[in-house]
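Participant: Below you will find the structure I want to go over with you.
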Amino acid sequence: MSVNKVILIGRLGQVPETRRTGTGDAVTNFSLATDEQWKDKNGQKQTRTEWHNITMFGKLGEIASQYLRKGDQVFIEGQIRSSKYSTKDGVERTAYNIIAAEMRMLGGRNTGTSDSKSGKESDNTLVTSSENAKKSAKQQHQPNPPVVDDIDDDIPF
């Protein structure tokens, strides 16, 4: 048995970029910074920042593109994927990407994270790619409720 699971909490290094596949599905990419802090043997505070390339597909990517901004704090859960490529000099390299399956927008009134379009504070909403697909499918197949036209005209207001 093996497990390929990554959990990250960090801040966006750039505004998410979304492009569409040939079938119209969203593919969203952004960088995420995570920090590690410690004190060295002299008692000086040290910080190391790691940058992670995040990729989101479908509705999850659309949501990230709509609500996330540079500097926002976010929880990401997914899998790590590697891909090999060659540079112009012929040197073979390996790139690592995090393919997100879940996202939680973190922050709130104290961190200044907000939706710039509506001005609303983020609500720590967990967004899952599989849950969104199920919700979207249910919404598309639900019939409209019947219109009820039995309003009582004796209401005094």
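Going through the structure tokens in order, the chains are called A, B, and so on, while each chain numbers its residues from 1 and the ligands are numbered from 1 in the order shown.
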Go through region 4-125 of chain A and collect every residue that DSSP, computed from the backbone, puts in strand (DSSP E); the answer should be as a ChimeraX atom specification.

Facilitator: /A:6-12,17-20,26-39,45-57,73-86,92-105

Participant: Taking 3 positions as the minimum chain separation for residues in the same chain, which residues sit within 12 Å of Gln14 (chain A) when counting only C-alpha atoms? Answer as a VMD selection string.

Facilitator: chain A and resid 11 17 28 to 33 51 to 54 64 to 65 68 to 73

Participant: Which of these, A:Tyr67, A:Ser2, A:Ile98, A:Glu36, has the shortest distance to Ser83 (chain A) once you count only C-alpha atoms?

Facilitator: A:Ile98

Participant: Please indicate the distance in Å from CA of Arg104 (chain A) to CA of Glu77 (chain A), rounded to one decimal place.

Facilitator: 8.8 Å

Participant: Extract, using only C-alpha atoms, all DNA, RNA and protein residues at most 12 Å from Ile80 (chain A), discarding same-chain residues fewer than 3 positions from it, and format them as a list in words.

Facilitator: Val3, Asn4, Lys5, Val6, Ile7, Leu8, His52, Asn53, Ile54, Thr55, Ile76, Glu77, Ser83, Ala95, Tyr96, Asn97, Ile98, Ile99, Ala100 and Ala101 of chain A

Participant: To one decimal place, how far is CA of Gly107 (chain A) from CA of Phe75 (chain A) in Å?

Facilitator: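 According to the coordinates, CA of Gly107 (chain A) and CA of Phe75 (chain A) are separated by 10.2 Å.
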
Participant: Quick one: everything within 6 Å of Arg93 (chain A), counting only C-alpha atoms, minus sequence neighbours fewer than 2 positions away in the same chain. Send it as a list in words.

Facilitator: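 Contacts, in chain order: Lys84, Tyr85 and Ser86 of chain A.
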
Participant: Deliver the residues from the most recent selection as a file, using C-alpha atoms, as a compact mmCIF listing (two decimals), in the first residue's frame.

Facilitator:
# COMPACT_ATOMS: atom_id res chain seq x y z
CA LYS A 84 10.46 15.59 -16.37
CA TYR A 85 11.59 18.11 -18.97
CA SER A 86 14.78 19.21 -20.69

Participant: Report the distance between CA of Arg48 (chain A) and CA of Asp35 (chain A) in Å, rounded to one decimal place.

Facilitator: 5.7 Å

Participant: Check the smallest atom-to-atom distance from each of A:Thr94, A:Thr87, A:Thr23, A:Gln37 to Glu50 (chain A) using only C-alpha atoms, then report the winner.

Facilitator: A:Gln37
